[in-house]
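The data block below is start00.txt; it holds compact mmCIF, all heavy atoms.
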# COMPACT_ATOMS: atom_id res chain seq x y z
N MET A 210 55.09 -100.24 151.53
CA MET A 210 55.89 -101.43 151.43
C MET A 210 55.99 -101.81 149.96
O MET A 210 54.99 -102.05 149.30
CB MET A 210 55.21 -102.55 152.23
CG MET A 210 55.94 -103.84 152.19
SD MET A 210 55.50 -104.97 153.50
CE MET A 210 54.06 -105.76 152.87
N SER A 211 57.18 -101.83 149.44
CA SER A 211 57.38 -102.18 148.03
C SER A 211 58.14 -103.49 147.93
O SER A 211 59.04 -103.77 148.72
CB SER A 211 58.12 -101.08 147.31
OG SER A 211 59.42 -100.95 147.82
N PHE A 212 57.74 -104.29 146.97
CA PHE A 212 58.38 -105.58 146.74
C PHE A 212 59.32 -105.47 145.54
O PHE A 212 59.10 -104.68 144.64
CB PHE A 212 57.33 -106.66 146.45
CG PHE A 212 56.43 -106.94 147.61
CD1 PHE A 212 55.07 -106.68 147.54
CD2 PHE A 212 56.93 -107.49 148.79
CE1 PHE A 212 54.24 -106.95 148.60
CE2 PHE A 212 56.10 -107.76 149.85
CZ PHE A 212 54.74 -107.49 149.75
N SER A 213 60.29 -106.33 145.54
CA SER A 213 61.19 -106.40 144.39
C SER A 213 60.44 -107.08 143.23
O SER A 213 59.46 -107.79 143.44
CB SER A 213 62.45 -107.18 144.74
OG SER A 213 62.13 -108.53 144.96
N PRO A 214 60.92 -106.88 142.00
CA PRO A 214 60.25 -107.53 140.86
C PRO A 214 60.21 -109.06 140.96
O PRO A 214 59.23 -109.68 140.56
CB PRO A 214 61.08 -107.08 139.66
CG PRO A 214 61.71 -105.81 140.09
CD PRO A 214 61.95 -105.95 141.56
N GLN A 215 61.26 -109.65 141.53
CA GLN A 215 61.27 -111.11 141.69
C GLN A 215 60.18 -111.56 142.66
O GLN A 215 59.52 -112.57 142.44
CB GLN A 215 62.64 -111.60 142.19
CG GLN A 215 63.75 -111.42 141.19
CD GLN A 215 64.41 -110.05 141.29
OE1 GLN A 215 64.08 -109.24 142.16
NE2 GLN A 215 65.34 -109.77 140.38
N THR A 216 60.01 -110.81 143.75
CA THR A 216 58.99 -111.16 144.73
C THR A 216 57.59 -111.01 144.13
O THR A 216 56.72 -111.86 144.34
CB THR A 216 59.13 -110.27 145.98
OG1 THR A 216 60.45 -110.40 146.49
CG2 THR A 216 58.13 -110.67 147.04
N LYS A 217 57.38 -109.96 143.35
CA LYS A 217 56.09 -109.75 142.69
C LYS A 217 55.80 -110.89 141.73
O LYS A 217 54.67 -111.38 141.64
CB LYS A 217 56.07 -108.42 141.95
CG LYS A 217 56.01 -107.22 142.86
CD LYS A 217 56.01 -105.94 142.05
CE LYS A 217 56.02 -104.72 142.94
NZ LYS A 217 56.04 -103.46 142.17
N GLN A 218 56.82 -111.34 141.01
CA GLN A 218 56.64 -112.43 140.07
C GLN A 218 56.29 -113.73 140.80
O GLN A 218 55.41 -114.47 140.37
CB GLN A 218 57.90 -112.61 139.23
CG GLN A 218 57.76 -113.66 138.15
CD GLN A 218 59.02 -113.81 137.32
OE1 GLN A 218 60.06 -113.28 137.67
NE2 GLN A 218 58.92 -114.54 136.23
N LYS A 219 56.97 -114.01 141.90
CA LYS A 219 56.69 -115.22 142.67
C LYS A 219 55.29 -115.18 143.26
O LYS A 219 54.58 -116.20 143.24
CB LYS A 219 57.73 -115.40 143.78
CG LYS A 219 59.09 -115.79 143.25
CD LYS A 219 60.10 -115.92 144.36
CE LYS A 219 61.48 -116.23 143.80
NZ LYS A 219 62.49 -116.36 144.85
N ILE A 220 54.86 -114.03 143.75
CA ILE A 220 53.51 -113.90 144.29
C ILE A 220 52.49 -114.11 143.17
O ILE A 220 51.47 -114.79 143.37
CB ILE A 220 53.32 -112.52 144.97
CG1 ILE A 220 54.14 -112.46 146.25
CG2 ILE A 220 51.85 -112.26 145.26
CD1 ILE A 220 54.18 -111.09 146.89
N SER A 221 52.75 -113.57 142.00
CA SER A 221 51.85 -113.75 140.86
C SER A 221 51.74 -115.22 140.47
O SER A 221 50.64 -115.71 140.18
CB SER A 221 52.36 -112.93 139.69
OG SER A 221 51.60 -113.17 138.55
N ILE A 222 52.85 -115.93 140.48
CA ILE A 222 52.84 -117.35 140.14
C ILE A 222 52.02 -118.13 141.17
O ILE A 222 51.20 -118.98 140.80
CB ILE A 222 54.28 -117.90 140.04
CG1 ILE A 222 54.96 -117.32 138.80
CG2 ILE A 222 54.29 -119.42 139.99
CD1 ILE A 222 56.45 -117.61 138.73
N VAL A 223 52.22 -117.84 142.43
CA VAL A 223 51.47 -118.54 143.49
C VAL A 223 49.98 -118.27 143.36
O VAL A 223 49.15 -119.19 143.48
CB VAL A 223 52.00 -118.13 144.89
CG1 VAL A 223 51.07 -118.61 145.99
CG2 VAL A 223 53.40 -118.66 145.10
N VAL A 224 49.61 -117.03 143.09
CA VAL A 224 48.19 -116.69 142.94
C VAL A 224 47.59 -117.41 141.73
O VAL A 224 46.48 -117.96 141.81
CB VAL A 224 48.01 -115.16 142.83
CG1 VAL A 224 46.61 -114.81 142.38
CG2 VAL A 224 48.33 -114.50 144.15
N ASN A 225 48.30 -117.45 140.62
CA ASN A 225 47.81 -118.13 139.42
C ASN A 225 47.66 -119.63 139.64
O ASN A 225 46.67 -120.23 139.22
CB ASN A 225 48.71 -117.84 138.23
CG ASN A 225 48.56 -116.42 137.73
OD1 ASN A 225 47.52 -115.79 137.92
ND2 ASN A 225 49.59 -115.91 137.08
N VAL A 226 48.63 -120.24 140.30
CA VAL A 226 48.54 -121.67 140.58
C VAL A 226 47.37 -121.95 141.51
O VAL A 226 46.61 -122.92 141.31
CB VAL A 226 49.87 -122.20 141.18
CG1 VAL A 226 49.71 -123.59 141.75
CG2 VAL A 226 50.96 -122.17 140.12
N THR A 227 47.16 -121.10 142.50
CA THR A 227 46.04 -121.27 143.42
C THR A 227 44.71 -121.17 142.67
O THR A 227 43.79 -121.96 142.93
CB THR A 227 46.10 -120.21 144.53
OG1 THR A 227 47.37 -120.32 145.20
CG2 THR A 227 44.98 -120.38 145.52
N LYS A 228 44.60 -120.23 141.75
CA LYS A 228 43.37 -120.11 140.96
C LYS A 228 43.10 -121.36 140.14
O LYS A 228 41.97 -121.84 140.08
CB LYS A 228 43.48 -118.90 140.01
CG LYS A 228 43.31 -117.57 140.68
CD LYS A 228 43.42 -116.46 139.63
CE LYS A 228 43.37 -115.09 140.23
NZ LYS A 228 43.51 -114.03 139.20
N VAL A 229 44.14 -121.90 139.51
CA VAL A 229 43.97 -123.10 138.68
C VAL A 229 43.57 -124.30 139.54
O VAL A 229 42.66 -125.06 139.19
CB VAL A 229 45.25 -123.39 137.87
CG1 VAL A 229 45.18 -124.75 137.21
CG2 VAL A 229 45.48 -122.30 136.84
N VAL A 230 44.23 -124.47 140.67
CA VAL A 230 43.91 -125.59 141.57
C VAL A 230 42.48 -125.47 142.06
O VAL A 230 41.72 -126.45 142.08
CB VAL A 230 44.91 -125.65 142.74
CG1 VAL A 230 44.43 -126.59 143.82
CG2 VAL A 230 46.29 -126.06 142.23
N PHE A 231 42.05 -124.29 142.45
CA PHE A 231 40.67 -124.10 142.92
C PHE A 231 39.69 -124.34 141.78
O PHE A 231 38.67 -125.00 141.96
CB PHE A 231 40.49 -122.69 143.49
CG PHE A 231 39.14 -122.46 144.07
CD1 PHE A 231 38.82 -122.94 145.32
CD2 PHE A 231 38.17 -121.77 143.35
CE1 PHE A 231 37.56 -122.73 145.86
CE2 PHE A 231 36.92 -121.56 143.87
CZ PHE A 231 36.61 -122.05 145.14
N HIS A 232 40.00 -123.83 140.60
CA HIS A 232 39.11 -123.96 139.45
C HIS A 232 38.87 -125.43 139.10
O HIS A 232 37.74 -125.84 138.84
CB HIS A 232 39.70 -123.21 138.26
CG HIS A 232 38.87 -123.28 137.02
ND1 HIS A 232 37.82 -122.43 136.79
CD2 HIS A 232 38.93 -124.10 135.94
CE1 HIS A 232 37.28 -122.72 135.62
NE2 HIS A 232 37.94 -123.73 135.09
N TRP A 233 39.93 -126.22 139.04
CA TRP A 233 39.80 -127.61 138.63
C TRP A 233 39.55 -128.57 139.78
O TRP A 233 39.20 -129.74 139.54
CB TRP A 233 41.04 -128.04 137.86
CG TRP A 233 41.10 -127.40 136.51
CD1 TRP A 233 41.86 -126.33 136.16
CD2 TRP A 233 40.35 -127.76 135.36
NE1 TRP A 233 41.63 -126.00 134.85
CE2 TRP A 233 40.70 -126.86 134.34
CE3 TRP A 233 39.41 -128.75 135.10
CZ2 TRP A 233 40.14 -126.94 133.06
CZ3 TRP A 233 38.86 -128.81 133.83
CH2 TRP A 233 39.23 -127.92 132.84
N GLY A 234 39.72 -128.14 141.02
CA GLY A 234 39.57 -129.06 142.13
C GLY A 234 38.31 -128.90 142.96
O GLY A 234 38.01 -129.76 143.78
N PHE A 235 37.54 -127.84 142.76
CA PHE A 235 36.39 -127.58 143.62
C PHE A 235 35.30 -128.64 143.46
O PHE A 235 34.88 -129.26 144.45
CB PHE A 235 35.81 -126.19 143.34
CG PHE A 235 34.66 -125.84 144.21
CD1 PHE A 235 34.88 -125.50 145.54
CD2 PHE A 235 33.36 -125.87 143.74
CE1 PHE A 235 33.82 -125.18 146.36
CE2 PHE A 235 32.30 -125.56 144.55
CZ PHE A 235 32.53 -125.21 145.87
N ILE A 236 34.84 -128.88 142.25
CA ILE A 236 33.76 -129.84 142.03
C ILE A 236 34.19 -131.26 142.41
O ILE A 236 33.44 -131.96 143.11
CB ILE A 236 33.25 -129.78 140.58
CG1 ILE A 236 32.65 -128.42 140.29
CG2 ILE A 236 32.24 -130.89 140.28
CD1 ILE A 236 31.45 -128.05 141.13
N PRO A 237 35.38 -131.74 142.02
CA PRO A 237 35.78 -133.07 142.48
C PRO A 237 35.85 -133.17 144.01
O PRO A 237 35.50 -134.20 144.59
CB PRO A 237 37.16 -133.28 141.86
CG PRO A 237 37.15 -132.43 140.65
CD PRO A 237 36.33 -131.23 141.02
N ALA A 238 36.27 -132.11 144.68
CA ALA A 238 36.33 -132.14 146.14
C ALA A 238 34.94 -132.23 146.74
O ALA A 238 34.70 -132.99 147.69
CB ALA A 238 37.06 -130.90 146.67
N VAL A 239 33.99 -131.48 146.19
CA VAL A 239 32.61 -131.54 146.68
C VAL A 239 32.02 -132.94 146.45
O VAL A 239 31.36 -133.50 147.34
CB VAL A 239 31.75 -130.45 145.99
CG1 VAL A 239 30.27 -130.67 146.25
CG2 VAL A 239 32.18 -129.08 146.43
N LEU A 240 32.26 -133.50 145.27
CA LEU A 240 31.76 -134.86 145.00
C LEU A 240 32.41 -135.88 145.93
O LEU A 240 31.72 -136.77 146.46
CB LEU A 240 32.03 -135.24 143.55
CG LEU A 240 31.23 -134.46 142.51
CD1 LEU A 240 31.68 -134.84 141.11
CD2 LEU A 240 29.75 -134.67 142.69
N PHE A 241 33.70 -135.77 146.14
CA PHE A 241 34.39 -136.70 147.04
C PHE A 241 33.81 -136.63 148.45
O PHE A 241 33.52 -137.66 149.06
CB PHE A 241 35.89 -136.38 147.07
CG PHE A 241 36.63 -137.14 148.13
CD1 PHE A 241 36.92 -138.48 147.96
CD2 PHE A 241 37.03 -136.51 149.29
CE1 PHE A 241 37.60 -139.19 148.94
CE2 PHE A 241 37.70 -137.20 150.28
CZ PHE A 241 37.99 -138.54 150.11
N LEU A 242 33.62 -135.42 148.96
CA LEU A 242 33.08 -135.28 150.31
C LEU A 242 31.65 -135.80 150.39
O LEU A 242 31.25 -136.40 151.39
CB LEU A 242 33.15 -133.82 150.76
CG LEU A 242 34.57 -133.28 150.96
CD1 LEU A 242 34.52 -131.79 151.24
CD2 LEU A 242 35.27 -134.02 152.07
N GLY A 243 30.86 -135.58 149.34
CA GLY A 243 29.49 -136.09 149.34
C GLY A 243 29.44 -137.60 149.32
O GLY A 243 28.66 -138.21 150.04
N PHE A 244 30.26 -138.23 148.48
CA PHE A 244 30.29 -139.69 148.44
C PHE A 244 30.86 -140.27 149.73
O PHE A 244 30.46 -141.34 150.17
CB PHE A 244 31.10 -140.19 147.24
CG PHE A 244 30.32 -140.22 145.96
CD1 PHE A 244 30.55 -139.28 144.99
CD2 PHE A 244 29.35 -141.17 145.76
CE1 PHE A 244 29.83 -139.29 143.82
CE2 PHE A 244 28.61 -141.21 144.60
CZ PHE A 244 28.85 -140.26 143.61
N ARG A 245 31.78 -139.55 150.34
CA ARG A 245 32.37 -140.02 151.59
C ARG A 245 31.34 -140.01 152.71
O ARG A 245 31.31 -140.91 153.54
CB ARG A 245 33.56 -139.12 151.94
CG ARG A 245 34.37 -139.63 153.08
CD ARG A 245 35.65 -138.84 153.20
NE ARG A 245 36.24 -139.11 154.49
CZ ARG A 245 36.80 -138.23 155.26
NH1 ARG A 245 36.89 -136.99 154.87
NH2 ARG A 245 37.30 -138.56 156.41
N LYS A 246 30.48 -138.99 152.73
CA LYS A 246 29.45 -138.89 153.75
C LYS A 246 28.39 -139.95 153.54
O LYS A 246 27.87 -140.52 154.49
CB LYS A 246 28.81 -137.50 153.73
CG LYS A 246 27.71 -137.31 154.74
CD LYS A 246 27.11 -135.93 154.61
CE LYS A 246 26.02 -135.72 155.62
NZ LYS A 246 24.74 -136.24 155.21
N GLY A 247 28.02 -140.21 152.31
CA GLY A 247 27.00 -141.20 152.00
C GLY A 247 25.63 -140.55 151.91
O GLY A 247 25.44 -139.36 152.15
N ALA A 248 24.67 -141.37 151.56
CA ALA A 248 23.30 -140.89 151.39
C ALA A 248 22.63 -140.71 152.75
O ALA A 248 22.97 -141.36 153.73
CB ALA A 248 22.51 -141.86 150.54
N ASP A 249 21.64 -139.82 152.78
CA ASP A 249 20.84 -139.64 153.99
C ASP A 249 19.95 -140.86 154.18
O ASP A 249 19.62 -141.57 153.21
CB ASP A 249 19.97 -138.39 153.87
CG ASP A 249 20.79 -137.11 153.92
OD1 ASP A 249 21.87 -137.13 154.52
OD2 ASP A 249 20.33 -136.09 153.35
N PRO A 250 19.52 -141.12 155.41
CA PRO A 250 18.62 -142.26 155.64
C PRO A 250 17.33 -142.10 154.81
O PRO A 250 16.77 -141.03 154.70
CB PRO A 250 18.30 -142.18 157.13
CG PRO A 250 19.44 -141.41 157.72
CD PRO A 250 19.88 -140.46 156.66
N GLY A 251 16.91 -143.20 154.20
CA GLY A 251 15.71 -143.20 153.39
C GLY A 251 15.93 -142.83 151.94
O GLY A 251 15.01 -142.88 151.13
N MET A 252 17.15 -142.45 151.58
CA MET A 252 17.46 -142.09 150.20
C MET A 252 18.19 -143.25 149.53
O MET A 252 18.82 -144.06 150.22
CB MET A 252 18.33 -140.84 150.15
CG MET A 252 17.68 -139.60 150.73
SD MET A 252 16.18 -139.13 149.88
CE MET A 252 16.83 -138.56 148.35
N PRO A 253 18.11 -143.35 148.20
CA PRO A 253 18.85 -144.43 147.53
C PRO A 253 20.36 -144.27 147.71
O PRO A 253 20.84 -143.15 147.89
CB PRO A 253 18.45 -144.28 146.06
CG PRO A 253 17.81 -142.96 145.94
CD PRO A 253 17.38 -142.51 147.30
N PRO A 254 21.09 -145.35 147.67
CA PRO A 254 22.54 -145.25 147.86
C PRO A 254 23.19 -144.46 146.73
O PRO A 254 22.72 -144.45 145.59
CB PRO A 254 23.01 -146.70 147.86
CG PRO A 254 21.93 -147.46 147.20
CD PRO A 254 20.66 -146.72 147.44
N LEU A 255 24.29 -143.80 147.05
CA LEU A 255 25.02 -143.02 146.06
C LEU A 255 25.97 -143.91 145.27
O LEU A 255 26.60 -144.81 145.83
CB LEU A 255 25.84 -141.92 146.75
CG LEU A 255 25.07 -140.83 147.47
CD1 LEU A 255 26.03 -139.92 148.19
CD2 LEU A 255 24.25 -140.04 146.47
N SER A 256 26.03 -143.66 143.99
CA SER A 256 27.03 -144.34 143.15
C SER A 256 27.39 -143.39 142.00
O SER A 256 26.66 -142.43 141.71
CB SER A 256 26.49 -145.65 142.61
OG SER A 256 25.48 -145.41 141.64
N VAL A 257 28.48 -143.68 141.35
CA VAL A 257 28.91 -142.85 140.23
C VAL A 257 27.90 -142.96 139.09
O VAL A 257 27.60 -141.97 138.42
CB VAL A 257 30.32 -143.23 139.77
CG1 VAL A 257 30.73 -142.46 138.53
CG2 VAL A 257 31.32 -143.02 140.89
N MET A 258 27.34 -144.13 138.87
CA MET A 258 26.35 -144.29 137.82
C MET A 258 25.10 -143.44 138.10
O MET A 258 24.54 -142.85 137.18
CB MET A 258 25.97 -145.76 137.65
CG MET A 258 27.05 -146.58 137.00
SD MET A 258 27.61 -145.93 135.41
CE MET A 258 26.15 -146.15 134.44
N ASN A 259 24.66 -143.38 139.34
CA ASN A 259 23.51 -142.53 139.69
C ASN A 259 23.84 -141.08 139.41
O ASN A 259 22.98 -140.32 138.96
CB ASN A 259 23.12 -142.69 141.16
CG ASN A 259 22.45 -144.00 141.44
OD1 ASN A 259 22.04 -144.69 140.53
ND2 ASN A 259 22.35 -144.35 142.71
N LEU A 260 25.05 -140.67 139.70
CA LEU A 260 25.47 -139.29 139.46
C LEU A 260 25.44 -138.97 137.98
O LEU A 260 24.97 -137.92 137.56
CB LEU A 260 26.87 -139.07 140.02
CG LEU A 260 27.50 -137.71 139.73
CD1 LEU A 260 26.76 -136.63 140.52
CD2 LEU A 260 28.95 -137.72 140.07
N LEU A 261 25.93 -139.87 137.14
CA LEU A 261 26.00 -139.62 135.71
C LEU A 261 24.65 -139.80 135.01
O LEU A 261 24.37 -139.15 134.02
CB LEU A 261 27.04 -140.55 135.07
CG LEU A 261 28.48 -140.34 135.51
CD1 LEU A 261 29.38 -141.39 134.90
CD2 LEU A 261 28.96 -138.95 135.17
N TRP A 262 23.83 -140.70 135.52
CA TRP A 262 22.58 -141.02 134.86
C TRP A 262 21.53 -139.93 135.08
O TRP A 262 20.76 -139.62 134.21
CB TRP A 262 22.07 -142.36 135.35
CG TRP A 262 20.95 -142.90 134.50
CD1 TRP A 262 19.64 -142.93 134.82
CD2 TRP A 262 21.05 -143.44 133.19
NE1 TRP A 262 18.93 -143.47 133.80
CE2 TRP A 262 19.76 -143.79 132.77
CE3 TRP A 262 22.12 -143.67 132.33
CZ2 TRP A 262 19.51 -144.37 131.53
CZ3 TRP A 262 21.85 -144.23 131.10
CH2 TRP A 262 20.56 -144.57 130.72
N GLN A 263 21.47 -139.36 136.25
CA GLN A 263 20.43 -138.38 136.56
C GLN A 263 20.99 -137.07 136.62
O GLN A 263 21.30 -136.17 136.78
CB GLN A 263 19.74 -138.74 137.85
CG GLN A 263 19.05 -140.06 137.75
CD GLN A 263 18.34 -140.46 139.01
OE1 GLN A 263 18.13 -139.64 139.90
NE2 GLN A 263 17.97 -141.69 139.11

Could you quickly redo this structure as structure tokens?
Amino acid sequence: MSFSPQTKQKISIVVNVTKVVFHWGFIPAVLFLGFRKGADPGMPPLSVMNLLWQ
């Protein structure tokens, strides 16, 4: 199966954009999900200051 040069270029662009989005979005997504879940029982509450301070 061979693709035309335009199709190869479009696939390359999509792959590159996906890499950039994953690279810059992974850690913020993990932090967002962690703050959304909240702290476990018996642990201090989560805040941005706690994240930056420790």

Enclose the full set of atoms of stretch 245-252 of chain A listed in the file within a box whose edges lie along x, y and z, apply 6 Å of padding to each of the six sides, and report centre and edge lengths in Å to one decimal as lines of an AutoDock Vina configuration file.
center_x = 26.2
center_y = -139.9
center_z = 153.0
size_x = 34.3
size_y = 20.3
size_z = 21.4

Any idea what the distance is between atom O of A:Met258 and atom CB of A:Val230?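 Separation between atom O of A:Met258 and atom CB of A:Val230: 27.2 Å.
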
Could you tell me how far atom CA of A:Phe241 lies from atom CA of A:Pro253, in Å and to one decimal? 17.4 Å

Between atom O of A:Gln215 and atom CA of A:Thr227, what is the distance, to one decimal in Å?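 Value for the atom O of A:Gln215-atom CA of A:Thr227 distance: 16.1 Å.
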
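Distances from A:Phe244, A:Lys219, A:Pro214, A:Asn225 to A:Leu260 were compared using only C-alpha atoms, and the smallest one belongs to A:Phe244.
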
Quick one: DSSP helix (DSSP H, G or I) residues in chain A, as a count of residues only? 39
